[in-house]
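Take a look at the structure set out below.
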Amino acid sequence: MDPTFELLLRNAFLPDPTNPAFNNEVRRASEEQFKSLTQSAPDQVALSFIQLIRTNRSADIRDLASVLLRKTLTTKVVANPGLTTSGSTTEEDPNKQVFWSKLQKATQETVKVELLYALNEETEAKVRKQIGEVVSGLASTLVYMTDGKEGVLNVWPDLTPFLFKLSESPEVAHRLSSLDIFSKLCVYCGETIKIVFNSLQQVLVRGLKEESLALRIAALEATVSFTQMLDSPQELSYYANLVVLMFDVLKGTLQNGQFKEARDCILIFVELADVQPAFLQPHLNDVAATMIQVAGAEGADEQLRQVALEFLTTVCESFKRLVRKLPQFIETVVPLVLKFMLALPDIDLNTWNTTVDDEDDEDLEGEVTSSDVGDECLDRMALSIRGKALIPVLFKNVAQLLQHADWKHRHTGLMSMALVAEGCHAYLEPHLSDLVNKVVPGFSDPHPRVRWAALNAVGQWSTDFRRKFQEDFHQIVVPHIAQLMLDKENPKVQNHAASSIINFAEFAQKEQLSPYIRVLLTNLAGMLTSPVLYVVESATTAIAALADVVGAEFIEYYDIIVPALKHILYSTAGKSAQRSLRGKAMECITIIAFSVGKDKFLPDSKEIMNIMYETQQSNLKADDPQVGFLRTSWARVCNTLGNDFEPYLQYIMPPIMAGINIKAEIVVDEEDSLTEREGFHYVPIVDKVVGINTNDMQEKAAACKMIYQYATALRSAFFPYVKEVATALIPLITFFFNDDVRSSTVGSLAALVDVVVAKGPEQKPLLAELAGTIFENLLIVIDAEVDMDIYLLEVGTLCDIIDRVGSGIFTEQQMAAACKLVHQEMKKKIRTINEAREEEAEDEHDEANDEDENETIANSEEAITELADVLGKLLKWNGPQFVPIYGQEFSLFNAQLLANTSSAVERQVGICIFDDLIEFGGAAALQYIGTFLPLVSEYIGDESPNVRQAAVYGMGICAQNGGDIFGLVARQVLERLLMVARLPTARDEDNNVCTENAISAIGRVVRYQAAKLDFEASLDAWLKLLPIVEDTEESKVVYNNLVYFIQHHATAVFGEGGKNLPHILSIFAQTLDTDLLDKQLDATFRQIMQQMQASFPPGTLQAALRAIPEEQRAKLC
C-alpha cells in the first residue's frame, strides 16, 4: 500500500501547481479519500505512516508523514461509520472517538516502538524534530485519554527510559531530541511526570553545561517547562541551583557576541518571569541588572535590546509588589523606556501625512520599531506598578522632555503622559489640572507631530478620565481641538483632531459641547471637502458623535450637514476604495436622524432608506465594510420612525438572521506548527491552539445586538419574528467562544421577552416557554462565566426577566435551581472578597496594589447584591410558592449572612432577602420572623448606612405583615427607629435615604401596630419627622399612610385646635406637583385641601397659611 499511500499524500497535501497534471479536483478527491481511510482502515493508515517515516528516501515525505501522523493520531473520527448522529461534527459527538483508540493493540504497540526507533535512527534534523513532535503529542494524548489518572510511565512505559538513554548518547542530535521531548512532556503531561523529577534534573544540568550552544538553549527551554510543575516553596528551593546555570547560558551568548542566540535565551527568561516568577526571584537582581545593561546598550543589536526591555517589563508585571519597593529599579528602567520611545523613525512630513494608521511611530514597512516597544512597555508598566511608584519618576523626566528643543523629546513627553493614564488613573485623577497645563503648549507646537501627540493625549484622557475630564476641562480642551481641525497642511493632525473630539464626545454631556457646537460643525463640514479620504472619514464620524450628544439642538445644522452627507452617498457609490466612507456617511445620517427626531428626518427618510436598500441588494461581499454600517443604520432608522418602520422589517431581517446564524470558522492546530492567519484570534488549549475567525464573530455579535434595537423599538410589532429569532439566539447564551456574542445575545433575549409580554395574556404559554428556556440557560452561563462585566449583565438580565414576566411563569424546579445557584455564587464571591482582603493585608498597605484588590472587592460586592435581587424578584412575583424553596435552599445561609458582623455587604443582602421574604412571602414566611427579627433589629443602628437602610425598611415590613409576632417588640423597635431618625447627622447626605426609610418604617409601625403603642404620642412623633423629600419610592408609602391617618384619625393628625395645621400644609406644599406623589396621591392631597376649607374656620386656615414660608403659601393658594 505504501506507493499508493505516498501518492495519495502527495496529491492531497503536496500538490504541485506547476505540474500539468495538477488538478484541484484531484487534490480534493485525494483529501476525501484520505479522510475516508482514517474512518474505514485506521490500522492500515497508521502503519502506512510508520512505513513512510521509517523507509522512504525522501526527507520531505518523511517530514510530511510525521506531521500528518501527529495530527491523525489525536484527531477524533467517527467510531461507527454506519451510525449517523444528525450531522453533528462537534467534539462532543458521542459517535466520535480519538483515532488512536480505534487502532488494534498490536498496531498501537508497533507505532510506539517504531516511533522510538525512528527517533533514534533519523538523520535529517527537520524530520527528527517532527518525529519528536509525534512522540510528545502521542504521549500527551495517551495521558489525556485517561483524564490524567495515568502518568506517562503507565501509558507508555518504554518512553522515559528511552529518553533518558537518549540524553546520554554521544550524538548531539539524540541529546537535543531528548531535551525537546522532555520539555513538551513537562508542559503537556504535568503532574504525571513528577516521578522522574530528580533524574530529569540531572539531564537538565548536563544540558545546561553542554559545549553545543543549541543543546544549552534547548536545555534552557526545557528547564523553564520543568519549573512550571514546581508548586511548593520546598520544590522551588530544591531546584533553585538551575537558575545559575540558566543565567550562565545567557551570559555566554552575550560575551561571545552571539546575538541571535542571546535573543532566544532572553525570550526564554521572559517566559520564566511570566510563568514561574518565584523560581527566578532569588536571582532577580543579577538577571535584571544584565537586562538593563543589554537594553541600554545604544548601537547594539536592536532586537536584542527590545527583548531585554520586554524582560524588564515582564518583571514589572510578575513582581509588581516587589518592584514598587525598589525605587532604584524604577528610576533606572523608566528613563530607559523613554529612550526607546525617543527612537522615532525619521519620516518626512509629506510621507507621514500620507499614512492612515493611528500609530504615530510605525515605520513605512509597518515593522515594530523600538519606539513601538517603548510605548507598549510603558503602558504595561503603568498597568502593573501603578501611579504611586511610577508617576513621580516618570514626570521628573517628562518635565525635561517637554522643554527640549528637539521635537522628538516633546512628542515622547506627551505620549508618555497619555500612555500611563489608564494604569495610573486613580493616582493621576486628582492632578488632572497639572496634566492639562502640561499638554496645552503642545496644541500650538511648531512641529505637527507634537501637535498630533497633544491631541492623542486629550483623546486618551477623554476615555481614561471619562466624564470628570469633560466636565472640568471642556473650556480649555475643545477650542484647541476645533482650531487644529483647520490644519489643512497636515491632514494627519486634522484627522486626529476629529478622532479626539470623537473620544471626548463619547462621555460628554450636552452642556459641555453646546458652547462649541457651531465652530466644531463648521470646521468638520470643511473637512468633508478634504481631498484626503481618511480626513473625510474621521470628520463624518465626528459629526455623528456630536449629533449623538447634542440631540435636538442639531436641527439648526441639519440642512447644512445632511446634504453634504447625501452627496457623499451618491458620489461614492460603486467605488471600492470609498466603501468605508460610504458606510460611515450612512451611520452619520441615521445618528443625526435619531437625534433630531422623526418630524425633521421624515422628508429625507424615504430617499435615505432607498439608498440603503439598494446598497443592501447590490451583492455586497461579506467583508464589505458597508455591511456592518447598514445593519446599525437600519436599526437607528427603526428607532427614529418607530412603528412606521415595520414594513421594512421584511428586508432587513434576512441579513440579520444570516449574521446570527453565521458559522464562525474555527481551526485547530498544533502549537508548534501553527501558521497564524489574519483575522483569527488564537487560544492555547493543552498542546493545541484553537483559532476563531474574529470577523465572523464581530458580524455575529453585531447581528445579535441589532435584535435588541428592533425589539425594543417595535415592541409588539416585532412579534412575528420572535420564535425564529429566539431559536437562533438561545444557544448563543452559552457561546463561550466570544464575549460580545454572549453579552449581545443576553440583552436581545430580554427584549424578546418584552415583545411577548406586550402582546398580552393570551401569549402566556409562549411566554412561559421562552422565558423558562432563557432562564435555564442563564443559570448555566452564570455558573461558568469568567468575565465580571458579562457576569453582572447576565445576573441583571435574569432579574429583569423575572420582573417582566410576573407570576405563574416559572416552575418550582426552575426557581429551586435559581435559588441553589444564588447560594453557590454568593459563596464564591464571598471567598473572592476574603482572599482579596487577605492580599490587601499582606501588601502592607501598598496603595498601588490596593487598586486591584479594591476593584475585585467592589465587583464581587456588586455581584452579591445583584444575586440577592434574583431572590427578591422571585419572592416579589412568586412569594408563597417560593417560600418552601427558600427554606430548603437558602434559609440557613441567610442566617449566616445576617450573623456576619465583619462584612457590611453580607449583612445588607441578608437583611434585604429577609425583607423581601416577609413583604411578599405571605403567611408561610411568618415562621422566619421569630428567627431573624432579633438579628435584623440589631442592625437598626449599624455603622453602614446601607445596612441601616435595609434594617429599618425591614422593621416597617415586619410591622405591617408580622401581626402579633412583631407586636411583642413593636414598642422597643419604634424607640430605636425614632433614635435613628432623630440623630444630629440623620439628614446628612450619606444618611438621608436611610433616615427617610426609618421615617417610613415608623409610619408603618404606628399604623399597623397601633394597639401595642401609645398611639397619639407615636403618631405625633412621626408627623414631626415629615416631610421626606428624596426617596421617591418610600415617599408614596409615607404619604399614603398620612392620608390614612387624616381619614381615620384626623383629630390626632391636626392636633387640638388645628395646632399641627401649618406643618401639614407645609408638607402638602413641598410634595404637590412633584414625583414624591403619584397621580392618585396628588389628587387625594388636593381633595383633602378642599375638605380642610370646609372643616376648619376660615381664620384658622388663613393663620396656618400665614405661618408657612411664602413660596409654599403661593403654591397652595
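The way I read the labels, and the way they are meant: chains A, B, ... in the order of the C-alpha cells, residue 1 as the first residue of every chain, and ligand 1 as the first ligand shown, with later ones counted on from there.
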
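Every protein or nucleic acid residue with an atom no more than 12 Å from Gly252 in chain A, counting only C-alpha atoms and leaving out same-chain residues fewer than 2 positions away, appears here: Leu208, Lys209, Glu210, Glu211, Ser212, Leu213, Arg216, Ile217, Leu245, Met246, Phe247, Asp248, Val249, Leu250, Leu254, Gln255, Asn256, Gly257, Gln258, Phe259, Glu261, Ala262 and Cys265 of chain A.
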
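Compared by their closest atoms to Asp348 in chain A, and using only C-alpha atoms, the residues A:Arg449, A:Ile1088, A:Phe465, A:Glu109 rank with A:Arg449 nearest.
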
- Query: Contacts of Leu8 in chain A at 8 Å or less, counting only C-alpha atoms, minus same-chain residues fewer than 3 places along, as number ranges by chain?
  - Reply: A: 4-5, 11-12, 30, 34

- Item | Selection: 10 Å around Met788 in chain A, only C-alpha atoms, excl. self and same-chain fewer than 5 positions, as a ChimeraX atom specification | /A:793-794,856,859-860,863

Just to be explicit: take each residue in the selection above, keep C-alpha atoms, and write the result as a compact mmCIF listing (two decimals), in the first residue's frame.
# COMPACT_ATOMS: atom_id res chain seq x y z
CA LEU A 793 -25.08 41.66 32.84
CA GLU A 794 -26.28 38.04 32.94
CA THR A 856 -12.05 42.93 42.92
CA ASN A 859 -17.09 43.91 41.66
CA SER A 860 -17.75 40.94 43.94
CA ALA A 863 -22.35 40.70 42.17

- Task: Apply DSSP to the structure's backbone, then extract all residues of range 896-1105 of chain A labelled helix (DSSP H, G or I) and return them as a PyMOL selection string.
- Result: chain A and resi 896-899+904-920+922-941+945-961+963-967+970-981+992-1008+1010-1012+1015-1025+1032-1048+1050-1054+1056-1058+1061-1071+1079-1095+1098-1105

- Item | Leu236 in chain A environment, 10 Å, only C-alpha atoms, sequence neighbours closer than 2 positions dropped, as a VMD selection string | chain A and resid 227 229 to 234 238 to 241 276 278 to 280

Include N, CA, C and O atoms and write out the residues we just selected as a CSV table (one decimal), in the first residue's frame.
chain,number,residue,atom,x,y,z
A,227,THR,N,10.2,24.0,35.3
A,227,THR,CA,9.8,24.8,36.5
A,227,THR,C,8.3,25.0,36.6
A,227,THR,O,7.8,25.3,37.7
A,229,MET,N,6.1,23.0,36.7
A,229,MET,CA,5.4,22.0,37.5
A,229,MET,C,5.8,22.1,39.0
A,229,MET,O,5.4,21.3,39.8
A,230,LEU,N,6.7,23.0,39.3
A,230,LEU,CA,7.1,23.2,40.7
A,230,LEU,C,6.0,24.0,41.5
A,230,LEU,O,5.8,25.2,41.1
A,231,ASP,N,5.4,23.4,42.5
A,231,ASP,CA,4.3,24.0,43.1
A,231,ASP,C,4.7,24.6,44.5
A,231,ASP,O,4.4,25.8,44.8
A,232,SER,N,5.4,23.9,45.3
A,232,SER,CA,5.6,24.3,46.7
A,232,SER,C,6.9,25.1,46.8
A,232,SER,O,7.8,24.9,46.0
A,233,PRO,N,7.0,25.9,47.8
A,233,PRO,CA,8.3,26.6,48.1
A,233,PRO,C,9.5,25.6,48.3
A,233,PRO,O,10.6,26.0,47.9
A,234,GLN,N,9.2,24.5,48.8
A,234,GLN,CA,10.2,23.5,49.0
A,234,GLN,C,10.8,23.0,47.7
A,234,GLN,O,12.0,22.9,47.5
A,238,TYR,N,14.5,23.5,46.2
A,238,TYR,CA,15.4,22.4,46.0
A,238,TYR,C,16.0,22.4,44.6
A,238,TYR,O,17.2,22.0,44.4
A,239,TYR,N,15.3,23.0,43.6
A,239,TYR,CA,15.9,23.1,42.3
A,239,TYR,C,16.4,24.4,41.9
A,239,TYR,O,16.7,24.7,40.7
A,240,ALA,N,16.6,25.3,42.9
A,240,ALA,CA,17.0,26.7,42.6
A,240,ALA,C,18.3,26.8,42.0
A,240,ALA,O,18.6,27.8,41.3
A,241,ASN,N,19.2,25.8,42.1
A,241,ASN,CA,20.5,25.9,41.6
A,241,ASN,C,20.5,26.0,40.0
A,241,ASN,O,21.4,26.4,39.4
A,276,GLN,N,6.7,31.3,35.9
A,276,GLN,CA,7.2,30.9,37.2
A,276,GLN,C,8.1,31.9,37.9
A,276,GLN,O,9.3,31.7,38.1
A,278,ALA,N,8.4,33.0,40.9
A,278,ALA,CA,9.0,32.6,42.2
A,278,ALA,C,10.4,31.9,42.0
A,278,ALA,O,11.2,32.0,42.9
A,279,PHE,N,10.5,31.1,40.9
A,279,PHE,CA,11.7,30.4,40.7
A,279,PHE,C,12.9,31.3,40.4
A,279,PHE,O,14.0,31.1,40.7
A,280,LEU,N,12.6,32.4,39.7
A,280,LEU,CA,13.6,33.4,39.3
A,280,LEU,C,13.9,34.4,40.4
A,280,LEU,O,15.0,35.0,40.4

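Straight-line separation from CA of Glu943 in chain A to CA of Phe890 in chain A: 26.1 Å.
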
Write out as JSON lines the residues of range 363-451 of chain A that have any atom within 12 Å of an atom of range 311-325 of chain A, one row each with the nearest atom pair and its distance in Å to one decimal, counting only C-alpha atoms, sorted by chain and then rising number.
{"residue": "A:Val373", "atom": "CA", "partner": "A:Thr313", "partner_atom": "CA", "distance": 10.3}
{"residue": "A:Gly374", "atom": "CA", "partner": "A:Thr313", "partner_atom": "CA", "distance": 9.9}
{"residue": "A:Asp375", "atom": "CA", "partner": "A:Thr313", "partner_atom": "CA", "distance": 11.3}
{"residue": "A:Glu376", "atom": "CA", "partner": "A:Thr313", "partner_atom": "CA", "distance": 9.3}
{"residue": "A:Cys377", "atom": "CA", "partner": "A:Thr313", "partner_atom": "CA", "distance": 5.9}
{"residue": "A:Leu378", "atom": "CA", "partner": "A:Thr313", "partner_atom": "CA", "distance": 8.1}
{"residue": "A:Asp379", "atom": "CA", "partner": "A:Thr313", "partner_atom": "CA", "distance": 9.6}
{"residue": "A:Arg380", "atom": "CA", "partner": "A:Thr313", "partner_atom": "CA", "distance": 7.0}
{"residue": "A:Met381", "atom": "CA", "partner": "A:Cys316", "partner_atom": "CA", "distance": 6.1}
{"residue": "A:Ala382", "atom": "CA", "partner": "A:Cys316", "partner_atom": "CA", "distance": 9.1}
{"residue": "A:Leu383", "atom": "CA", "partner": "A:Glu317", "partner_atom": "CA", "distance": 8.1}
{"residue": "A:Ser384", "atom": "CA", "partner": "A:Glu317", "partner_atom": "CA", "distance": 5.2}
{"residue": "A:Ile385", "atom": "CA", "partner": "A:Lys320", "partner_atom": "CA", "distance": 5.3}
{"residue": "A:Arg386", "atom": "CA", "partner": "A:Arg324", "partner_atom": "CA", "distance": 8.5}
{"residue": "A:Gly387", "atom": "CA", "partner": "A:Arg324", "partner_atom": "CA", "distance": 9.9}
{"residue": "A:Lys388", "atom": "CA", "partner": "A:Arg324", "partner_atom": "CA", "distance": 8.4}
{"residue": "A:Ala389", "atom": "CA", "partner": "A:Arg324", "partner_atom": "CA", "distance": 5.6}
{"residue": "A:Leu390", "atom": "CA", "partner": "A:Arg324", "partner_atom": "CA", "distance": 8.2}
{"residue": "A:Ile391", "atom": "CA", "partner": "A:Arg324", "partner_atom": "CA", "distance": 11.5}
{"residue": "A:Val393", "atom": "CA", "partner": "A:Arg324", "partner_atom": "CA", "distance": 11.7}
{"residue": "A:Gly423", "atom": "CA", "partner": "A:Glu317", "partner_atom": "CA", "distance": 12.0}

Could you write out the selected residues, including N, CA and C atoms, as an mmCIF file, in the first residue's frame?
data_model
loop_
_atom_site.group_PDB
_atom_site.id
_atom_site.type_symbol
_atom_site.label_atom_id
_atom_site.label_comp_id
_atom_site.auth_asym_id
_atom_site.auth_seq_id
_atom_site.Cartn_x
_atom_site.Cartn_y
_atom_site.Cartn_z
ATOM 1 N N VAL A 373 8.015 49.507 20.838
ATOM 2 C CA VAL A 373 8.288 48.674 22.020
ATOM 3 C C VAL A 373 8.265 49.522 23.276
ATOM 4 N N GLY A 374 8.869 50.703 23.206
ATOM 5 C CA GLY A 374 8.872 51.589 24.372
ATOM 6 C C GLY A 374 7.474 51.994 24.784
ATOM 7 N N ASP A 375 6.632 52.333 23.797
ATOM 8 C CA ASP A 375 5.241 52.700 24.090
ATOM 9 C C ASP A 375 4.519 51.567 24.816
ATOM 10 N N GLU A 376 4.629 50.377 24.261
ATOM 11 C CA GLU A 376 3.928 49.234 24.857
ATOM 12 C C GLU A 376 4.433 48.941 26.261
ATOM 13 N N CYS A 377 5.740 49.014 26.448
ATOM 14 C CA CYS A 377 6.310 48.691 27.759
ATOM 15 C C CYS A 377 5.887 49.703 28.817
ATOM 16 N N LEU A 378 5.841 50.995 28.470
ATOM 17 C CA LEU A 378 5.415 51.992 29.445
ATOM 18 C C LEU A 378 3.950 51.778 29.813
ATOM 19 N N ASP A 379 3.124 51.472 28.841
ATOM 20 C CA ASP A 379 1.712 51.182 29.094
ATOM 21 C C ASP A 379 1.571 50.014 30.062
ATOM 22 N N ARG A 380 2.311 48.952 29.828
ATOM 23 C CA ARG A 380 2.225 47.762 30.690
ATOM 24 C C ARG A 380 2.796 48.027 32.082
ATOM 25 N N MET A 381 3.849 48.824 32.149
ATOM 26 C CA MET A 381 4.398 49.181 33.460
ATOM 27 C C MET A 381 3.370 49.948 34.277
ATOM 28 N N ALA A 382 2.680 50.864 33.628
ATOM 29 C CA ALA A 382 1.664 51.651 34.333
ATOM 30 C C ALA A 382 0.550 50.757 34.864
ATOM 31 N N LEU A 383 0.143 49.789 34.067
ATOM 32 C CA LEU A 383 -0.925 48.878 34.477
ATOM 33 C C LEU A 383 -0.498 47.960 35.608
ATOM 34 N N SER A 384 0.791 47.725 35.737
ATOM 35 C CA SER A 384 1.257 46.780 36.759
ATOM 36 C C SER A 384 1.728 47.469 38.035
ATOM 37 N N ILE A 385 2.641 48.435 37.934
ATOM 38 C CA ILE A 385 3.185 49.010 39.179
ATOM 39 C C ILE A 385 2.415 50.251 39.637
ATOM 40 N N ARG A 386 1.575 50.808 38.779
ATOM 41 C CA ARG A 386 0.634 51.874 39.120
ATOM 42 C C ARG A 386 1.321 53.198 39.478
ATOM 43 N N GLY A 387 0.463 54.165 39.809
ATOM 44 C CA GLY A 387 0.892 55.553 39.834
ATOM 45 C C GLY A 387 1.834 55.967 40.946
ATOM 46 N N LYS A 388 1.586 55.496 42.158
ATOM 47 C CA LYS A 388 2.380 55.972 43.289
ATOM 48 C C LYS A 388 3.868 55.710 43.092
ATOM 49 N N ALA A 389 4.187 54.542 42.516
ATOM 50 C CA ALA A 389 5.589 54.199 42.303
ATOM 51 C C ALA A 389 6.121 54.777 40.990
ATOM 52 N N LEU A 390 5.280 54.857 39.967
ATOM 53 C CA LEU A 390 5.764 55.209 38.629
ATOM 54 C C LEU A 390 5.765 56.707 38.347
ATOM 55 N N ILE A 391 4.673 57.403 38.675
ATOM 56 C CA ILE A 391 4.476 58.768 38.192
ATOM 57 C C ILE A 391 5.551 59.754 38.678
ATOM 58 N N VAL A 393 8.656 59.355 39.250
ATOM 59 C CA VAL A 393 9.870 59.133 38.466
ATOM 60 C C VAL A 393 9.637 59.553 37.016
ATOM 61 N N GLY A 423 -3.432 52.983 33.427
ATOM 62 C CA GLY A 423 -2.901 52.233 34.559
ATOM 63 C C GLY A 423 -2.779 53.045 35.829
#

- Query: Quick one: residues within 12 Å of Ile502 in chain A, only C-alpha atoms counted, chain neighbours fewer than 4 positions away excluded, as a VMD selection string?
  - Reply: chain A and resid 455 to 456 458 to 460 462 to 463 478 481 to 482 495 to 498 506 to 508 513 520 524 538 to 549

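Surrounding range 655-663 of chain A within 7 Å are Glu699, Lys700, Ala703, Cys704 and Ala728 of chain A, with only C-alpha atoms counted and residues fewer than 5 positions along the same chain left out.
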
Can I get the selection written as a PDB file, in the first residue's frame, with N, CA, C and O atoms?
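Final output, out_5.pdb:
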ATOM      1  N   GLU A 699     -19.347  39.997  13.210  1.00  0.00           N
ATOM      2  CA  GLU A 699     -20.607  40.067  12.468  1.00  0.00           C
ATOM      3  C   GLU A 699     -21.726  39.395  13.259  1.00  0.00           C
ATOM      4  O   GLU A 699     -22.852  39.892  13.331  1.00  0.00           O
ATOM      5  N   LYS A 700     -21.415  38.267  13.875  1.00  0.00           N
ATOM      6  CA  LYS A 700     -22.406  37.542  14.670  1.00  0.00           C
ATOM      7  C   LYS A 700     -22.873  38.389  15.852  1.00  0.00           C
ATOM      8  O   LYS A 700     -24.067  38.500  16.128  1.00  0.00           O
ATOM      9  N   ALA A 703     -25.047  41.352  14.723  1.00  0.00           N
ATOM     10  CA  ALA A 703     -26.397  40.913  14.357  1.00  0.00           C
ATOM     11  C   ALA A 703     -27.238  40.637  15.592  1.00  0.00           C
ATOM     12  O   ALA A 703     -28.420  41.002  15.660  1.00  0.00           O
ATOM     13  N   CYS A 704     -26.631  40.000  16.592  1.00  0.00           N
ATOM     14  CA  CYS A 704     -27.353  39.741  17.854  1.00  0.00           C
ATOM     15  C   CYS A 704     -27.778  41.047  18.517  1.00  0.00           C
ATOM     16  O   CYS A 704     -28.884  41.168  19.050  1.00  0.00           O
ATOM     17  N   ALA A 728     -32.675  30.937  17.198  1.00  0.00           N
ATOM     18  CA  ALA A 728     -31.279  31.184  16.821  1.00  0.00           C
ATOM     19  C   ALA A 728     -30.446  31.717  17.982  1.00  0.00           C
ATOM     20  O   ALA A 728     -29.256  31.394  18.111  1.00  0.00           O
TER      21      ALA A 728
END

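The space between CA of Val98 in chain A and CA of Lys112 in chain A spans 16.2 Å.
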